[in-house]
file upload13.cif (mmCIF, C-alpha atoms)
data_input
loop_
_atom_site.group_PDB
_atom_site.id
_atom_site.type_symbol
_atom_site.label_atom_id
_atom_site.label_comp_id
_atom_site.auth_asym_id
_atom_site.auth_seq_id
_atom_site.Cartn_x
_atom_site.Cartn_y
_atom_site.Cartn_z
ATOM 1 C CA MET A 25 2.440 -29.991 14.541
ATOM 2 C CA GLU A 26 2.046 -29.918 10.767
ATOM 3 C CA PRO A 27 4.642 -27.650 9.114
ATOM 4 C CA ILE A 28 3.417 -24.452 7.456
ATOM 5 C CA SER A 29 4.605 -23.867 3.895
ATOM 6 C CA TRP A 30 4.189 -20.933 1.547
ATOM 7 C CA SER A 31 5.859 -19.177 -1.352
ATOM 8 C CA ARG A 32 5.581 -15.648 -2.678
ATOM 9 C CA ALA A 33 5.719 -17.260 -6.125
ATOM 10 C CA GLU A 34 2.353 -18.821 -5.193
ATOM 11 C CA PRO A 35 0.331 -15.947 -3.676
ATOM 12 C CA LYS A 36 -2.629 -18.176 -2.805
ATOM 13 C CA THR A 37 -0.445 -19.925 -0.199
ATOM 14 C CA LEU A 38 0.253 -16.748 1.781
ATOM 15 C CA LEU A 39 -3.059 -16.151 3.548
ATOM 16 C CA PRO A 40 -3.462 -19.783 4.731
ATOM 17 C CA ALA A 41 0.116 -19.660 6.007
ATOM 18 C CA ALA A 42 -0.490 -16.367 7.814
ATOM 19 C CA LEU A 43 -3.684 -17.652 9.430
ATOM 20 C CA ALA A 44 -1.922 -20.840 10.528
ATOM 21 C CA MET A 45 0.853 -18.779 12.120
ATOM 22 C CA TYR A 46 -1.671 -16.551 13.902
ATOM 23 C CA ALA A 47 -3.332 -19.717 15.198
ATOM 24 C CA GLN A 48 0.015 -20.701 16.700
ATOM 25 C CA GLY A 49 0.077 -17.431 18.610
ATOM 26 C CA LYS A 50 2.468 -15.494 16.394
ATOM 27 C CA THR A 51 2.153 -11.723 16.263
ATOM 28 C CA ARG A 52 1.539 -9.640 13.146
ATOM 29 C CA SER A 53 5.209 -8.656 13.067
ATOM 30 C CA GLN A 54 6.315 -12.284 13.332
ATOM 31 C CA VAL A 55 3.957 -13.333 10.539
ATOM 32 C CA LEU A 56 5.133 -10.583 8.187
ATOM 33 C CA GLU A 57 8.791 -11.234 8.960
ATOM 34 C CA ALA A 58 8.343 -14.948 8.295
ATOM 35 C CA ILE A 59 6.682 -14.368 4.926
ATOM 36 C CA TYR A 60 8.627 -11.353 3.645
ATOM 37 C CA GLY A 61 11.912 -11.771 5.494
ATOM 38 C CA VAL A 62 11.385 -8.440 7.255
ATOM 39 C CA ASP A 63 8.677 -6.775 9.321
ATOM 40 C CA LEU A 64 6.868 -3.869 7.709
ATOM 41 C CA PRO A 65 7.462 -0.371 9.098
ATOM 42 C CA ARG A 66 5.123 1.576 11.332
ATOM 43 C CA GLU A 67 3.774 3.651 8.447
ATOM 44 C CA ALA A 68 2.434 0.482 6.791
ATOM 45 C CA VAL A 69 0.595 -0.450 9.985
ATOM 46 C CA LEU A 70 -0.934 3.031 10.145
ATOM 47 C CA CYS A 71 -1.945 2.905 6.462
ATOM 48 C CA GLN A 72 -3.611 -0.453 7.045
ATOM 49 C CA ARG A 73 -5.441 0.992 10.047
ATOM 50 C CA ASP A 74 -6.499 4.308 8.508
ATOM 51 C CA PHE A 75 -6.682 3.892 4.734
ATOM 52 C CA ALA A 76 -6.545 0.356 3.325
ATOM 53 C CA TYR A 77 -10.183 -0.467 4.064
ATOM 54 C CA GLU A 78 -11.758 2.995 3.880
ATOM 55 C CA ASP A 79 -14.498 3.197 1.255
ATOM 56 C CA GLU A 80 -14.205 6.989 1.140
ATOM 57 C CA GLY A 81 -10.569 7.399 2.046
ATOM 58 C CA LEU A 82 -7.752 8.312 -0.290
ATOM 59 C CA ALA A 83 -7.906 7.773 -4.049
ATOM 60 C CA VAL A 84 -5.642 4.742 -3.731
ATOM 61 C CA ASP A 85 -6.379 1.196 -4.836
ATOM 62 C CA TRP A 86 -4.714 -0.749 -2.042
ATOM 63 C CA ARG A 87 -3.642 -4.181 -3.234
ATOM 64 C CA TYR A 88 -4.479 -7.536 -1.662
ATOM 65 C CA ASN A 89 -1.154 -8.264 0.025
ATOM 66 C CA PRO A 90 0.240 -7.470 2.495
ATOM 67 C CA TRP A 91 -2.887 -5.875 3.948
ATOM 68 C CA GLU A 92 -4.939 -9.072 4.239
ATOM 69 C CA LEU A 93 -2.030 -10.835 5.928
ATOM 70 C CA MET A 94 -1.964 -8.108 8.579
ATOM 71 C CA ILE A 95 -5.439 -9.002 9.867
ATOM 72 C CA PRO A 96 -5.284 -11.642 12.624
ATOM 73 C CA PRO A 97 -8.430 -13.696 13.090
ATOM 74 C CA SER A 98 -10.149 -12.311 16.170
ATOM 75 C CA LYS A 99 -13.650 -12.026 17.482
ATOM 76 C CA GLY A 100 -15.599 -9.016 16.223
ATOM 77 C CA LYS A 101 -13.295 -8.227 13.299
ATOM 78 C CA ARG A 102 -13.657 -8.916 9.587
ATOM 79 C CA ALA A 103 -12.107 -12.193 8.509
ATOM 80 C CA PRO A 104 -9.497 -11.983 5.728
ATOM 81 C CA TYR A 105 -10.827 -12.989 2.308
ATOM 82 C CA PRO A 106 -9.000 -15.155 -0.271
ATOM 83 C CA ILE A 107 -7.002 -13.594 -3.074
ATOM 84 C CA ASN A 108 -8.658 -13.811 -6.500
ATOM 85 C CA ASP A 109 -7.064 -15.158 -9.677
ATOM 86 C CA TYR A 110 -6.388 -11.729 -11.215
ATOM 87 C CA GLN A 111 -4.682 -10.422 -8.078
ATOM 88 C CA SER A 112 -2.710 -13.640 -7.731
ATOM 89 C CA ASN A 113 -1.527 -13.633 -11.339
ATOM 90 C CA GLU A 114 -0.405 -10.012 -11.082
ATOM 91 C CA GLU A 115 1.584 -10.748 -7.934
ATOM 92 C CA VAL A 116 3.174 -13.756 -9.632
ATOM 93 C CA LEU A 117 4.366 -11.567 -12.512
ATOM 94 C CA ALA A 118 5.635 -8.848 -10.161
ATOM 95 C CA TYR A 119 7.547 -11.461 -8.156
ATOM 96 C CA GLU A 120 9.116 -12.875 -11.318
ATOM 97 C CA LEU A 121 10.275 -9.403 -12.398
ATOM 98 C CA ALA A 122 11.388 -8.106 -9.007
ATOM 99 C CA PRO A 123 11.400 -10.515 -6.030
ATOM 100 C CA ASN A 124 12.552 -7.661 -3.795
ATOM 101 C CA VAL A 125 9.376 -5.633 -4.477
ATOM 102 C CA LEU A 126 6.243 -5.927 -2.352
ATOM 103 C CA LEU A 127 3.310 -4.323 -4.165
ATOM 104 C CA LEU A 128 1.184 -2.069 -1.946
ATOM 105 C CA GLY A 129 -1.235 -0.149 -4.139
ATOM 106 C CA ASP A 130 -2.020 2.051 -7.114
ATOM 107 C CA LEU A 131 -2.268 5.810 -6.783
ATOM 108 C CA GLY A 132 -5.164 7.642 -8.368
ATOM 109 C CA TYR A 133 -4.910 11.431 -8.727
ATOM 110 C CA SER A 134 -3.957 11.386 -12.409
ATOM 111 C CA ALA A 135 -3.840 15.021 -13.490
ATOM 112 C CA GLU A 136 -1.542 17.617 -14.981
ATOM 113 C CA GLY A 137 1.252 18.481 -12.566
ATOM 114 C CA VAL A 138 0.815 15.374 -10.402
ATOM 115 C CA ARG A 139 4.154 13.574 -10.816
ATOM 116 C CA LEU A 140 3.083 10.227 -9.374
ATOM 117 C CA GLY A 141 -0.551 10.187 -10.480
ATOM 118 C CA GLY A 142 -1.676 6.758 -11.648
ATOM 119 C CA SER A 143 1.473 4.986 -10.412
ATOM 120 C CA MET A 144 1.798 1.477 -9.010
ATOM 121 C CA PHE A 145 3.847 1.545 -5.800
ATOM 122 C CA GLY A 146 5.396 -0.828 -3.304
ATOM 123 C CA TYR A 147 8.221 -1.366 -0.853
ATOM 124 C CA ASP A 148 11.698 -2.508 -1.769
ATOM 125 C CA LEU A 149 12.205 -5.317 0.770
ATOM 126 C CA ASP A 150 15.985 -4.998 0.494
ATOM 127 C CA GLU A 151 15.655 -1.362 1.543
ATOM 128 C CA LEU A 152 13.405 -2.337 4.475
ATOM 129 C CA ARG A 153 16.037 -4.802 5.660
ATOM 130 C CA ALA A 154 18.541 -1.940 5.546
ATOM 131 C CA GLY A 155 16.257 0.167 7.748
ATOM 132 C CA ARG A 156 14.853 2.398 5.009
ATOM 133 C CA THR A 157 11.244 2.779 3.839
ATOM 134 C CA THR A 158 12.063 3.415 0.170
ATOM 135 C CA VAL A 159 9.041 3.192 -2.128
ATOM 136 C CA VAL A 160 9.491 1.906 -5.669
ATOM 137 C CA GLY A 161 6.991 1.505 -8.466
ATOM 138 C CA LEU A 162 5.921 1.985 -12.049
ATOM 139 C CA LEU A 163 5.664 5.679 -12.827
ATOM 140 C CA ASN A 164 2.197 6.684 -14.099
ATOM 141 C CA LYS A 165 1.302 3.040 -14.734
ATOM 142 C CA SER A 166 -0.920 0.703 -12.705
ATOM 143 C CA ILE A 167 -0.918 -2.466 -14.835
ATOM 144 C CA ILE A 168 2.288 -4.461 -14.887
ATOM 145 C CA SER A 169 3.822 -6.059 -17.981
ATOM 146 C CA ARG A 170 6.891 -8.212 -18.554
ATOM 147 C CA THR A 171 8.947 -5.328 -19.917
ATOM 148 C CA ASP A 172 8.467 -3.140 -16.833
ATOM 149 C CA ARG A 173 11.217 -2.142 -14.428
ATOM 150 C CA PHE A 174 10.571 -0.693 -10.991
ATOM 151 C CA THR A 175 12.154 2.652 -10.106
ATOM 152 C CA VAL A 176 12.371 4.685 -6.910
ATOM 153 C CA LEU A 177 9.325 6.915 -6.341
ATOM 154 C CA GLY A 178 10.105 8.350 -2.919
ATOM 155 C CA PRO A 179 11.488 7.775 0.584
ATOM 156 C CA SER A 180 8.265 6.483 2.183
ATOM 157 C CA ILE A 181 4.552 5.868 1.700
ATOM 158 C CA ALA A 182 3.797 8.966 3.762
ATOM 159 C CA ASP A 183 6.009 11.103 1.529
ATOM 160 C CA ILE A 184 4.555 9.914 -1.773
ATOM 161 C CA LEU A 185 1.004 10.292 -0.438
ATOM 162 C CA PHE A 186 1.669 13.839 0.749
ATOM 163 C CA GLU A 187 3.333 14.848 -2.520
ATOM 164 C CA THR A 188 0.593 13.313 -4.635
ATOM 165 C CA VAL A 189 -2.441 14.561 -2.710
ATOM 166 C CA SER A 190 -1.014 18.073 -2.275
ATOM 167 C CA SER A 191 -0.201 18.257 -6.010
ATOM 168 C CA TYR A 192 -3.698 17.094 -6.871
ATOM 169 C CA LEU A 193 -5.166 19.667 -4.483
ATOM 170 C CA ALA A 194 -3.276 22.411 -6.314
ATOM 171 C CA PHE A 195 -4.713 21.088 -9.588
ATOM 172 C CA SER A 196 -8.237 20.987 -8.132
ATOM 173 C CA GLU A 197 -7.970 24.508 -6.707
ATOM 174 C CA HIS A 198 -6.789 25.775 -10.092
ATOM 175 C CA LEU A 199 -9.832 24.202 -11.747
ATOM 176 C CA ALA A 200 -12.151 25.622 -9.082
ATOM 177 C CA ARG A 201 -11.080 29.157 -9.937
ATOM 178 C CA ARG A 202 -12.534 28.617 -13.411
ATOM 179 C CA ASP A 203 -15.315 26.125 -12.729
ATOM 180 C CA ASN A 204 -17.797 26.541 -9.886
ATOM 181 C CA HIS A 205 -18.637 22.853 -10.054
ATOM 182 C CA GLU A 206 -15.109 21.866 -8.984
ATOM 183 C CA ASP A 207 -14.916 21.315 -5.203
ATOM 184 C CA PRO A 208 -11.415 21.000 -3.705
ATOM 185 C CA ASP A 209 -12.743 20.437 -0.164
ATOM 186 C CA PRO A 210 -12.704 16.606 -0.313
ATOM 187 C CA ILE A 211 -9.066 16.729 -1.427
ATOM 188 C CA ARG A 212 -8.262 19.158 1.396
ATOM 189 C CA GLU A 213 -9.732 16.646 3.846
ATOM 190 C CA GLN A 214 -7.637 13.876 2.323
ATOM 191 C CA LEU A 215 -4.510 15.997 2.674
ATOM 192 C CA LYS A 216 -5.368 16.632 6.341
ATOM 193 C CA ARG A 217 -5.522 12.884 6.896
ATOM 194 C CA VAL A 218 -2.156 12.350 5.222
ATOM 195 C CA ASP A 219 -0.701 15.190 7.296
ATOM 196 C CA ALA A 220 -2.100 13.515 10.421
ATOM 197 C CA LEU A 221 -0.355 10.309 9.365
ATOM 198 C CA GLN A 222 2.952 12.134 9.012
ATOM 199 C CA ARG A 223 2.564 13.800 12.405
ATOM 200 C CA GLU A 224 1.760 10.466 14.068
ATOM 201 C CA LEU A 225 4.814 8.896 12.481
ATOM 202 C CA LYS A 226 7.004 11.637 13.949
ATOM 203 C CA ALA A 227 5.585 11.037 17.428
ATOM 204 C CA PRO A 228 7.088 8.263 19.553
ATOM 205 C CA GLY A 229 5.092 5.206 20.498
ATOM 206 C CA PRO A 230 3.399 2.176 18.925
ATOM 207 C CA ALA A 231 1.160 2.335 15.887
ATOM 208 C CA GLY A 232 -1.848 1.218 17.910
#
call {"tool": "encode", "arguments": {"input": "upload13.cif", "output": "structure tokens"}}
result
Amino acid sequence: MEPISWSRAEPKTLLPAALAMYAQGKTRSQVLEAIYGVDLPREAVLCQRDFAYEDEGLAVDWRYNPWELMIPPSKGKRAPYPINDYQSNEEVLAYELAPNVLLLGDLGYSAEGVRLGGSMFGYDLDELRAGRTTVVGLLNKSIISRTDRFTVLGPSIADILFETVSSYLAFSEHLARRDNHEDPDPIREQLKRVDALQRELKAPGPAG
């Protein structure tokens, strides 16, 4: 059997490696642990299921990895697509600056009073290995540069989503009191979905 090789310093090697491991019968958890040195927590699996590929979901730009690596090739499901040069180059720079950081996405919701609006966010892999779901990122910035340093944004994806969407809802409701054209209802629906995520995480059982 030909050995499978990959490097996070070369993002274009990750998807072929993941697909080769799936072809050997490895599970999603085994693939992620092999590539990142740790499996991703249940909340990441739920975000991939509910949000990462929703055209009208949350105002979050979910990044290429790890979401594409979490899709095993199977009949009737969308095949993973290759990473493009821009995405690859950005992951290379992030890996050079902070090898312990796994980029996950960029929050929208930029508005007055929204602390994390417009922030890049990801997991700290060292924290995952310690059993924590700490989220780090670039505060109010979604394009990385060589002078950037990642800081802690919150204890979990679920927490930063709830804080951000609820803060943006408050902003939208404030605008609606002065502008009849402002409609907070879509944001309310988004907050309900984040709340449902939190409630599912508190319930025992697999992610599904």
call {"tool": "residues_around", "arguments": {"input": "upload13.cif", "residues": "Leu215 (chain A)", "least_positions_apart": "3", "cutoff": "12 Å", "atoms": "all atoms listed in the file", "output": "list in words"}}
result
Gly81, Leu82, Ala83, Ala182, Asp183, Ile184, Leu185, Phe186, Glu187, Thr188, Val189, Ser190, Ser191, Tyr192, Leu193, Ala194, Pro208, Asp209, Pro210, Ile211, Arg212, Val218, Asp219, Ala220, Leu221 and Gln222 of chain A
call {"tool": "resolve_selection", "arguments": {"input": "upload13.cif", "expression": "the PyMOL selection byres ((chain A and resi 162) around 6)", "output": "list of chain:residue names"}}
result
A:Ser143, A:Met144, A:Gly161, A:Leu163, A:Lys165, A:Phe174
call {"tool": "write_last_selection", "arguments": {"input": "upload13.cif", "atoms": "C-alpha atoms", "output": "CSV table (one decimal), in the frame of the given file"}}
result
chain,number,residue,atom,x,y,z
A,143,SER,CA,1.5,5.0,-10.4
A,144,MET,CA,1.8,1.5,-9.0
A,161,GLY,CA,7.0,1.5,-8.5
A,163,LEU,CA,5.7,5.7,-12.8
A,165,LYS,CA,1.3,3.0,-14.7
A,174,PHE,CA,10.6,-0.7,-11.0
call {"tool": "closest_residue", "arguments": {"input": "upload13.cif", "among": "A:Gln48, A:Ser196, A:Val116, A:Tyr77", "to": "Ala135 (chain A)", "atoms": "all atoms listed in the file"}}
result
A:Ser196
call {"tool": "closest_residue", "arguments": {"input": "upload13.cif", "among": "A:Gly132, A:Lys36, A:Ala47, A:Glu213", "to": "Glu115 (chain A)", "atoms": "all atoms listed in the file"}}
result
A:Lys36
call {"tool": "residues_around", "arguments": {"input": "upload13.cif", "residues": "Arg156 (chain A)", "least_positions_apart": "4", "cutoff": "9 Å", "atoms": "all atoms listed in the file", "output": "list in words"}}
result
Pro65, Asp148, Asp150, Glu151, Leu152, Pro179 and Ser180 of chain A
call {"tool": "atom_distance", "arguments": {"input": "upload13.cif", "atom1": "CA of His198 (chain A)", "atom2": "CA of Ser134 (chain A)"}}
result
14.8 Å
call {"tool": "resolve_selection", "arguments": {"input": "upload13.cif", "expression": "the PyMOL selection byres ((chain A and resi 59) around 12)", "output": "PyMOL selection string"}}
result
chain A and resi 28-35+37-43+45+52-58+60-64+89-90+93-94+126+149
call {"tool": "decode", "arguments": {"input": "upload13.cif", "residues": "region 190-202 of chain A", "atoms": "N, CA, C and O atoms", "output": "PDB file, in the first residue's frame"}}
result
ATOM      1  N   SER A 190     -26.695  37.454  18.769  1.00  0.00           N
ATOM      2  CA  SER A 190     -27.600  38.150  19.688  1.00  0.00           C
ATOM      3  C   SER A 190     -27.264  39.642  19.758  1.00  0.00           C
ATOM      4  O   SER A 190     -28.165  40.492  19.824  1.00  0.00           O
ATOM      5  N   SER A 191     -25.975  39.986  19.712  1.00  0.00           N
ATOM      6  CA  SER A 191     -25.586  41.403  19.705  1.00  0.00           C
ATOM      7  C   SER A 191     -26.051  42.084  18.424  1.00  0.00           C
ATOM      8  O   SER A 191     -26.530  43.227  18.443  1.00  0.00           O
ATOM      9  N   TYR A 192     -25.933  41.371  17.299  1.00  0.00           N
ATOM     10  CA  TYR A 192     -26.369  41.958  16.044  1.00  0.00           C
ATOM     11  C   TYR A 192     -27.896  42.104  16.007  1.00  0.00           C
ATOM     12  O   TYR A 192     -28.422  43.057  15.440  1.00  0.00           O
ATOM     13  N   LEU A 193     -28.595  41.158  16.634  1.00  0.00           N
ATOM     14  CA  LEU A 193     -30.053  41.272  16.705  1.00  0.00           C
ATOM     15  C   LEU A 193     -30.451  42.524  17.489  1.00  0.00           C
ATOM     16  O   LEU A 193     -31.371  43.247  17.089  1.00  0.00           O
ATOM     17  N   ALA A 194     -29.770  42.785  18.592  1.00  0.00           N
ATOM     18  CA  ALA A 194     -30.058  43.991  19.364  1.00  0.00           C
ATOM     19  C   ALA A 194     -29.827  45.239  18.513  1.00  0.00           C
ATOM     20  O   ALA A 194     -30.614  46.195  18.557  1.00  0.00           O
ATOM     21  N   PHE A 195     -28.763  45.233  17.731  1.00  0.00           N
ATOM     22  CA  PHE A 195     -28.479  46.351  16.820  1.00  0.00           C
ATOM     23  C   PHE A 195     -29.590  46.499  15.778  1.00  0.00           C
ATOM     24  O   PHE A 195     -30.077  47.603  15.524  1.00  0.00           O
ATOM     25  N   SER A 196     -30.011  45.374  15.202  1.00  0.00           N
ATOM     26  CA  SER A 196     -31.056  45.403  14.172  1.00  0.00           C
ATOM     27  C   SER A 196     -32.396  45.868  14.750  1.00  0.00           C
ATOM     28  O   SER A 196     -33.124  46.639  14.110  1.00  0.00           O
ATOM     29  N   GLU A 197     -32.727  45.416  15.941  1.00  0.00           N
ATOM     30  CA  GLU A 197     -33.982  45.832  16.572  1.00  0.00           C
ATOM     31  C   GLU A 197     -33.962  47.328  16.882  1.00  0.00           C
ATOM     32  O   GLU A 197     -34.993  48.006  16.762  1.00  0.00           O
ATOM     33  N   HIS A 198     -32.796  47.834  17.280  1.00  0.00           N
ATOM     34  CA  HIS A 198     -32.665  49.265  17.543  1.00  0.00           C
ATOM     35  C   HIS A 198     -32.905  50.062  16.258  1.00  0.00           C
ATOM     36  O   HIS A 198     -33.637  51.075  16.265  1.00  0.00           O
ATOM     37  N   LEU A 199     -32.337  49.586  15.150  1.00  0.00           N
ATOM     38  CA  LEU A 199     -32.551  50.264  13.874  1.00  0.00           C
ATOM     39  C   LEU A 199     -34.016  50.204  13.452  1.00  0.00           C
ATOM     40  O   LEU A 199     -34.558  51.178  12.912  1.00  0.00           O
ATOM     41  N   ALA A 200     -34.656  49.053  13.707  1.00  0.00           N
ATOM     42  CA  ALA A 200     -36.043  48.872  13.274  1.00  0.00           C
ATOM     43  C   ALA A 200     -36.992  49.823  13.967  1.00  0.00           C
ATOM     44  O   ALA A 200     -38.043  50.176  13.415  1.00  0.00           O
ATOM     45  N   ARG A 201     -36.635  50.259  15.169  1.00  0.00           N
ATOM     46  CA  ARG A 201     -37.497  51.207  15.883  1.00  0.00           C
ATOM     47  C   ARG A 201     -37.488  52.582  15.225  1.00  0.00           C
ATOM     48  O   ARG A 201     -38.382  53.392  15.463  1.00  0.00           O
ATOM     49  N   ARG A 202     -36.482  52.825  14.389  1.00  0.00           N
ATOM     50  CA  ARG A 202     -36.379  54.121  13.707  1.00  0.00           C
ATOM     51  C   ARG A 202     -36.559  54.024  12.199  1.00  0.00           C
ATOM     52  O   ARG A 202     -36.773  55.041  11.539  1.00  0.00           O
TER      53      ARG A 202
END
